[in-house]
Amino acid sequence: MNNAELNELKQRYVASGAASPATQFADRAENALVWDADGNRIIDFAGGIGVLNIGHRHPKVVQAVKDQLDKVMHTCQTVMPYEGYVKVAEKLSQVTPVRGHAKVMLANSGAEALENAVKVARAATGKNNVICFDGGYHGRTFMTMAMNGKVAPYSTDFGSMPGNVFRAPYPVPYHGVSEDEALRGLKMALKTDANPRDTAAIVLEPVLGEGGFYPAPASFLKAIREICDEHGMLMIVDEVQSGFGRTGKLFAIEHSGVEPDIITMAKSMADGMPISAVVGTDKHMDASGANSLGGTYTGSPVSCAATLAVLEVFEQENILEKSQALGDKLAKRFAQWQQTFDCVDNGRNMGAMAAIDLVSDKAKHTPDADLAGALCKKAREKGLILLSCGLYGNTIRFLMPVTIEDEVLEEGLAIVEESLKELVGSKSAATA
């Protein structure tokens with residue numbers, strides 16, 4: 001079927017809340033390229049929203065999945081376990097920087113991982129409250145919608161959210177929130193809303209994902225660790241988007257040297273297969289009762305096979321080094337754009353987790369969400385998938401595979417530049 005025929009089916013049968021606004025349908029893909037149902041070639045700077053750090057259909061992952069399909073597709077690991085689950089648990093325990101000896105439970109999505117992390121924290125501490133941060137994003141289930149630090153579009157239409165979730169400021173100096181102010185706000189929340197004796201955990205992203213790709217300072221993360229230790233709370237770090245090599249480390253928290261109690265992960269851990277994990281200190285992970293964690297499909301044999309293949313690829317193909325090199329290239333280009341365009345500001349990156357802000361006034365850092373939307377639309381028309389994000393909707397994030405070929409990267413960046421010139425012009429053009 002072609003794009004037009006598929007769009008007709010989408011309009012008739014897909015719920016509007018779940019339907020993509022895109023009119024092109026993916027037909028096949030390889031590394032950083034996708035071809036739609038009409039045969040058009042498209043460069044992918046979104047990576048399935050950070051799922052494809054090692055590219056579409058990495059050959060080693062594809063082969064691992066095919067091999068597993070010839071053995072076992074499903075038993076439900078709580079009914080009859082299999083090698084893949086325990087091997088993934090072993091590997092994640094070895095590479096995840098939590099305190100002490102780590103144990104693992106597998107789930108299907110990032111939201112499931114966060115839900116289970118909260119369950120573990122409550123069981124381990126006997127407390128109920130959870131503190132999260134402005135701009136944070138943790139999922140679309142009810143508990144994670146309550147934890148999100150942004151309302152629209154995630155929880156706008158869905159009524160009351162679960163209680164016992166409290167909010168603190170996230171340090172983003174660019175938007176007027178210093179590290180000191182963020183810590184003051186957190187300590188005030190512990191005074192006014194979330195009594196430490198009733199608070200199980202502080203949950204945060206080391207780099208905001210949907211909130212705009214702002215990294216937390218290492219000193220802030222260390223302060224969170226100290227506050228948790230002081231009050232007997234667990235530190236839960238959400239690495240769903242920042243993990244598996246996006247920042248030049250396997251996990252972004254490694255840049256700070258801080259060891260949390262629990263880390264959640266998903267997205268790029270299986271290169272497109274659905275799986276997530278909660279990895280935590282053994283005494284915390286063992287706190288809940290028998291059969292209290294899990295689900296029908298959690299840690300499926302096929303997804304486990306993909307995860308093990310991904311971890312091999314990281315070891316064999318210098319993925320972390322490639323991530324850092326890609327980040328350096330993006331940072332250099334961002335600096336050029338900030339000189340060329342009045343609307344481009346605040347280029348930033350941690351490894352290949354990179355973004356720019358689009359503004360109408362650089363001096364005032366005035367967000368321009370309309371321009372961000374227009375840029376993404378025009379880029380798509382020119383054959384480039386580009387995503388916006390951020391609390392103010394004006395951040396352009398770059399999530400292309402870290403394995404992207406240099407010539408494809410350059411082609412995509414040139415499309416961004418060309419699109420910006422068509423939308424707003426450039427300084428050089430204005431002075432010519």
# chains A, B, ... in the order shown; residues from 1 in each chain; ligands from 1

call {"tool": "residues_around", "arguments": {"residues": "Thr75 of chain A", "least_positions_apart": "3", "cutoff": "9 Å", "atoms": "only C-alpha atoms", "output": "VMD selection string"}}
result
chain A and resid 72 78 to 82 296 to 297 300 to 301

call {"tool": "residues_around", "arguments": {"residues": "segment 349-365 of chain A", "least_positions_apart": "4", "cutoff": "8 Å", "atoms": "only C-alpha atoms", "output": "JSON, numbers by chain"}}
result
{"A": [174, 175, 212, 213, 215, 242, 246, 247, 248, 249, 323, 324, 325, 326, 327, 328, 330, 331, 334, 342, 343, 344, 345, 369, 371, 372, 394, 395, 396, 397, 398, 399, 402]}

call {"tool": "write_last_selection", "arguments": {"atoms": "N, CA and C atoms", "output": "CSV table (one decimal), in the first residue's frame"}}
result
chain,number,residue,atom,x,y,z
A,174,TYR,N,19.8,28.8,32.1
A,174,TYR,CA,19.3,29.5,30.9
A,174,TYR,C,17.9,30.1,31.1
A,175,HIS,N,17.1,29.3,31.8
A,175,HIS,CA,15.7,29.8,32.1
A,175,HIS,C,15.5,30.4,33.5
A,212,GLY,N,13.9,19.1,27.5
A,212,GLY,CA,14.7,20.0,26.7
A,212,GLY,C,16.2,19.8,26.7
A,213,PHE,N,16.7,18.6,27.1
A,213,PHE,CA,18.1,18.2,26.9
A,213,PHE,C,19.0,19.1,27.7
A,215,PRO,N,21.4,19.1,30.9
A,215,PRO,CA,22.1,18.2,31.9
A,215,PRO,C,22.1,18.9,33.3
A,242,SER,N,18.5,9.0,28.2
A,242,SER,CA,19.9,9.4,28.2
A,242,SER,C,20.9,8.2,28.3
A,246,ARG,N,24.0,7.4,24.7
A,246,ARG,CA,23.6,8.7,24.1
A,246,ARG,C,24.6,9.8,24.5
A,247,THR,N,25.1,9.8,25.7
A,247,THR,CA,25.9,10.9,26.2
A,247,THR,C,27.4,10.7,26.1
A,248,GLY,N,27.8,9.6,25.5
A,248,GLY,CA,29.3,9.3,25.5
A,248,GLY,C,29.7,8.3,26.6
A,249,LYS,N,28.8,8.1,27.5
A,249,LYS,CA,29.0,7.0,28.5
A,249,LYS,C,27.8,6.1,28.4
A,323,SER,N,29.8,8.1,19.9
A,323,SER,CA,28.9,9.0,20.5
A,323,SER,C,29.5,10.3,20.9
A,324,GLN,N,30.7,10.3,21.5
A,324,GLN,CA,31.4,11.5,21.9
A,324,GLN,C,31.8,12.3,20.6
A,325,ALA,N,32.3,11.5,19.6
A,325,ALA,CA,32.8,12.2,18.4
A,325,ALA,C,31.6,12.9,17.7
A,326,LEU,N,30.5,12.2,17.7
A,326,LEU,CA,29.3,12.8,17.1
A,326,LEU,C,28.9,14.1,17.8
A,327,GLY,N,28.9,14.0,19.1
A,327,GLY,CA,28.6,15.2,19.9
A,327,GLY,C,29.5,16.4,19.7
A,328,ASP,N,30.8,16.1,19.5
A,328,ASP,CA,31.8,17.1,19.1
A,328,ASP,C,31.4,17.8,17.8
A,330,LEU,N,28.4,17.9,16.4
A,330,LEU,CA,27.2,18.7,16.5
A,330,LEU,C,27.5,20.0,17.3
A,331,ALA,N,28.3,20.0,18.3
A,331,ALA,CA,28.6,21.2,19.1
A,331,ALA,C,29.3,22.2,18.2
A,334,PHE,N,26.6,23.7,15.9
A,334,PHE,CA,25.7,24.5,16.7
A,334,PHE,C,26.3,25.9,16.8
A,342,ASP,N,20.0,34.6,14.0
A,342,ASP,CA,19.5,35.3,15.2
A,342,ASP,C,18.6,34.4,16.0
A,343,CYS,N,18.0,33.4,15.4
A,343,CYS,CA,17.0,32.6,16.1
A,343,CYS,C,17.6,31.4,16.8
A,344,VAL,N,18.8,31.1,16.6
A,344,VAL,CA,19.4,29.9,17.2
A,344,VAL,C,20.2,30.3,18.4
A,345,ASP,N,20.0,29.6,19.5
A,345,ASP,CA,20.6,29.9,20.8
A,345,ASP,C,20.8,28.7,21.6
A,369,ALA,N,8.3,28.6,19.9
A,369,ALA,CA,7.8,27.3,19.6
A,369,ALA,C,7.2,27.2,18.2
A,371,LEU,N,8.3,28.6,15.6
A,371,LEU,CA,9.4,28.4,14.6
A,371,LEU,C,9.9,27.0,14.7
A,372,ALA,N,10.0,26.4,15.9
A,372,ALA,CA,10.4,25.0,16.1
A,372,ALA,C,9.5,24.1,15.3
A,394,ASN,N,10.3,24.8,22.2
A,394,ASN,CA,11.2,25.5,21.3
A,394,ASN,C,12.6,24.9,21.1
A,395,THR,N,12.8,23.7,21.7
A,395,THR,CA,14.0,23.0,21.6
A,395,THR,C,14.0,22.0,20.4
A,396,ILE,N,15.1,22.0,19.7
A,396,ILE,CA,15.3,21.1,18.6
A,396,ILE,C,16.3,20.1,19.1
A,397,ARG,N,15.9,18.8,19.2
A,397,ARG,CA,16.8,17.8,19.7
A,397,ARG,C,17.3,16.9,18.6
A,398,PHE,N,18.5,16.4,18.7
A,398,PHE,CA,19.2,15.6,17.7
A,398,PHE,C,19.4,14.2,18.3
A,399,LEU,N,18.7,13.2,17.7
A,399,LEU,CA,18.8,11.9,18.2
A,399,LEU,C,19.1,10.9,17.1
A,402,VAL,N,24.1,7.1,16.6
A,402,VAL,CA,25.6,7.5,16.7
A,402,VAL,C,26.4,6.8,15.6

call {"tool": "closest_residue", "arguments": {"among": "A:Ala218, A:Val240, A:Ala379, A:Ala113", "to": "Gly280 of chain A", "atoms": "only C-alpha atoms"}}
result
A:Ala113

call {"tool": "select_by_dssp", "arguments": {"residues": "segment 90-338 of chain A", "states": "helix (DSSP H, G or I)", "output": "count of residues only"}}
result
110

call {"tool": "decode", "arguments": {"residues": "segment 408-421 of chain A", "atoms": "all heavy atoms", "output": "PDB file, in the first residue's frame"}}
result
ATOM      1  N   VAL A 408      25.828  11.203   5.452  1.00  0.00           N
ATOM      2  CA  VAL A 408      24.399  11.310   5.762  1.00  0.00           C
ATOM      3  C   VAL A 408      24.188  12.374   6.834  1.00  0.00           C
ATOM      4  O   VAL A 408      23.236  13.163   6.777  1.00  0.00           O
ATOM      5  CB  VAL A 408      23.837   9.946   6.205  1.00  0.00           C
ATOM      6  CG1 VAL A 408      22.364  10.062   6.590  1.00  0.00           C
ATOM      7  CG2 VAL A 408      24.001   8.914   5.093  1.00  0.00           C
ATOM      8  N   LEU A 409      25.077  12.412   7.828  1.00  0.00           N
ATOM      9  CA  LEU A 409      25.011  13.457   8.853  1.00  0.00           C
ATOM     10  C   LEU A 409      25.098  14.832   8.215  1.00  0.00           C
ATOM     11  O   LEU A 409      24.287  15.724   8.521  1.00  0.00           O
ATOM     12  CB  LEU A 409      26.147  13.268   9.859  1.00  0.00           C
ATOM     13  CG  LEU A 409      26.303  14.369  10.904  1.00  0.00           C
ATOM     14  CD1 LEU A 409      25.100  14.409  11.836  1.00  0.00           C
ATOM     15  CD2 LEU A 409      27.604  14.181  11.694  1.00  0.00           C
ATOM     16  N   GLU A 410      26.060  15.025   7.348  1.00  0.00           N
ATOM     17  CA  GLU A 410      26.248  16.323   6.702  1.00  0.00           C
ATOM     18  C   GLU A 410      25.028  16.692   5.864  1.00  0.00           C
ATOM     19  O   GLU A 410      24.586  17.849   5.857  1.00  0.00           O
ATOM     20  CB  GLU A 410      27.501  16.297   5.827  1.00  0.00           C
ATOM     21  CG  GLU A 410      27.783  17.598   5.098  1.00  0.00           C
ATOM     22  CD  GLU A 410      27.846  18.795   6.028  1.00  0.00           C
ATOM     23  OE1 GLU A 410      28.443  18.677   7.124  1.00  0.00           O
ATOM     24  OE2 GLU A 410      27.296  19.866   5.674  1.00  0.00           O
ATOM     25  N   GLU A 411      24.473  15.718   5.159  1.00  0.00           N
ATOM     26  CA  GLU A 411      23.286  15.976   4.344  1.00  0.00           C
ATOM     27  C   GLU A 411      22.120  16.447   5.222  1.00  0.00           C
ATOM     28  O   GLU A 411      21.404  17.388   4.887  1.00  0.00           O
ATOM     29  CB  GLU A 411      22.903  14.700   3.590  1.00  0.00           C
ATOM     30  CG  GLU A 411      21.740  14.864   2.630  1.00  0.00           C
ATOM     31  CD  GLU A 411      21.386  13.560   1.919  1.00  0.00           C
ATOM     32  OE1 GLU A 411      22.143  12.571   2.052  1.00  0.00           O
ATOM     33  OE2 GLU A 411      20.336  13.530   1.251  1.00  0.00           O
ATOM     34  N   GLY A 412      21.950  15.789   6.376  1.00  0.00           N
ATOM     35  CA  GLY A 412      20.863  16.169   7.272  1.00  0.00           C
ATOM     36  C   GLY A 412      21.073  17.538   7.889  1.00  0.00           C
ATOM     37  O   GLY A 412      20.131  18.350   7.976  1.00  0.00           O
ATOM     38  N   LEU A 413      22.288  17.833   8.325  1.00  0.00           N
ATOM     39  CA  LEU A 413      22.570  19.151   8.910  1.00  0.00           C
ATOM     40  C   LEU A 413      22.390  20.259   7.879  1.00  0.00           C
ATOM     41  O   LEU A 413      21.929  21.363   8.210  1.00  0.00           O
ATOM     42  CB  LEU A 413      23.987  19.167   9.490  1.00  0.00           C
ATOM     43  CG  LEU A 413      24.229  18.240  10.690  1.00  0.00           C
ATOM     44  CD1 LEU A 413      25.703  18.256  11.079  1.00  0.00           C
ATOM     45  CD2 LEU A 413      23.353  18.623  11.869  1.00  0.00           C
ATOM     46  N   ALA A 414      22.734  19.958   6.637  1.00  0.00           N
ATOM     47  CA  ALA A 414      22.541  20.947   5.573  1.00  0.00           C
ATOM     48  C   ALA A 414      21.059  21.235   5.361  1.00  0.00           C
ATOM     49  O   ALA A 414      20.677  22.375   5.062  1.00  0.00           O
ATOM     50  CB  ALA A 414      23.180  20.449   4.277  1.00  0.00           C
ATOM     51  N   ILE A 415      20.222  20.225   5.525  1.00  0.00           N
ATOM     52  CA  ILE A 415      18.771  20.432   5.405  1.00  0.00           C
ATOM     53  C   ILE A 415      18.277  21.354   6.515  1.00  0.00           C
ATOM     54  O   ILE A 415      17.441  22.234   6.290  1.00  0.00           O
ATOM     55  CB  ILE A 415      18.028  19.089   5.425  1.00  0.00           C
ATOM     56  CG1 ILE A 415      18.296  18.311   4.132  1.00  0.00           C
ATOM     57  CG2 ILE A 415      16.522  19.291   5.611  1.00  0.00           C
ATOM     58  CD1 ILE A 415      17.717  16.908   4.110  1.00  0.00           C
ATOM     59  N   VAL A 416      18.797  21.168   7.732  1.00  0.00           N
ATOM     60  CA  VAL A 416      18.417  22.060   8.832  1.00  0.00           C
ATOM     61  C   VAL A 416      18.786  23.497   8.485  1.00  0.00           C
ATOM     62  O   VAL A 416      17.971  24.428   8.637  1.00  0.00           O
ATOM     63  CB  VAL A 416      19.095  21.633  10.151  1.00  0.00           C
ATOM     64  CG1 VAL A 416      18.782  22.635  11.263  1.00  0.00           C
ATOM     65  CG2 VAL A 416      18.654  20.233  10.567  1.00  0.00           C
ATOM     66  N   GLU A 417      20.003  23.706   8.004  1.00  0.00           N
ATOM     67  CA  GLU A 417      20.453  25.053   7.656  1.00  0.00           C
ATOM     68  C   GLU A 417      19.599  25.656   6.542  1.00  0.00           C
ATOM     69  O   GLU A 417      19.179  26.819   6.618  1.00  0.00           O
ATOM     70  CB  GLU A 417      21.915  25.005   7.229  1.00  0.00           C
ATOM     71  CG  GLU A 417      22.871  24.678   8.359  1.00  0.00           C
ATOM     72  CD  GLU A 417      24.311  24.616   7.878  1.00  0.00           C
ATOM     73  OE1 GLU A 417      24.582  25.033   6.733  1.00  0.00           O
ATOM     74  OE2 GLU A 417      25.171  24.150   8.656  1.00  0.00           O
ATOM     75  N   GLU A 418      19.372  24.878   5.513  1.00  0.00           N
ATOM     76  CA  GLU A 418      18.581  25.354   4.379  1.00  0.00           C
ATOM     77  C   GLU A 418      17.167  25.720   4.824  1.00  0.00           C
ATOM     78  O   GLU A 418      16.613  26.748   4.409  1.00  0.00           O
ATOM     79  CB  GLU A 418      18.535  24.254   3.311  1.00  0.00           C
ATOM     80  CG  GLU A 418      17.750  24.623   2.059  1.00  0.00           C
ATOM     81  CD  GLU A 418      17.688  23.468   1.065  1.00  0.00           C
ATOM     82  OE1 GLU A 418      18.536  22.549   1.163  1.00  0.00           O
ATOM     83  OE2 GLU A 418      16.793  23.487   0.205  1.00  0.00           O
ATOM     84  N   SER A 419      16.593  24.892   5.697  1.00  0.00           N
ATOM     85  CA  SER A 419      15.233  25.150   6.184  1.00  0.00           C
ATOM     86  C   SER A 419      15.185  26.429   7.005  1.00  0.00           C
ATOM     87  O   SER A 419      14.258  27.238   6.873  1.00  0.00           O
ATOM     88  CB  SER A 419      14.744  23.962   7.009  1.00  0.00           C
ATOM     89  OG  SER A 419      14.707  22.773   6.231  1.00  0.00           O
ATOM     90  N   LEU A 420      16.171  26.621   7.881  1.00  0.00           N
ATOM     91  CA  LEU A 420      16.216  27.843   8.681  1.00  0.00           C
ATOM     92  C   LEU A 420      16.348  29.080   7.799  1.00  0.00           C
ATOM     93  O   LEU A 420      15.695  30.113   8.037  1.00  0.00           O
ATOM     94  CB  LEU A 420      17.374  27.781   9.673  1.00  0.00           C
ATOM     95  CG  LEU A 420      17.152  26.931  10.935  1.00  0.00           C
ATOM     96  CD1 LEU A 420      18.450  26.769  11.705  1.00  0.00           C
ATOM     97  CD2 LEU A 420      16.074  27.568  11.822  1.00  0.00           C
ATOM     98  N   LYS A 421      17.186  28.998   6.778  1.00  0.00           N
ATOM     99  CA  LYS A 421      17.361  30.145   5.873  1.00  0.00           C
ATOM    100  C   LYS A 421      16.056  30.486   5.170  1.00  0.00           C
ATOM    101  O   LYS A 421      15.711  31.667   5.001  1.00  0.00           O
ATOM    102  CB  LYS A 421      18.457  29.847   4.865  1.00  0.00           C
ATOM    103  CG  LYS A 421      19.860  29.882   5.448  1.00  0.00           C
ATOM    104  CD  LYS A 421      20.910  29.508   4.408  1.00  0.00           C
ATOM    105  CE  LYS A 421      22.304  29.512   5.036  1.00  0.00           C
ATOM    106  NZ  LYS A 421      23.345  29.068   4.069  1.00  0.00           N
TER     107      LYS A 421
END
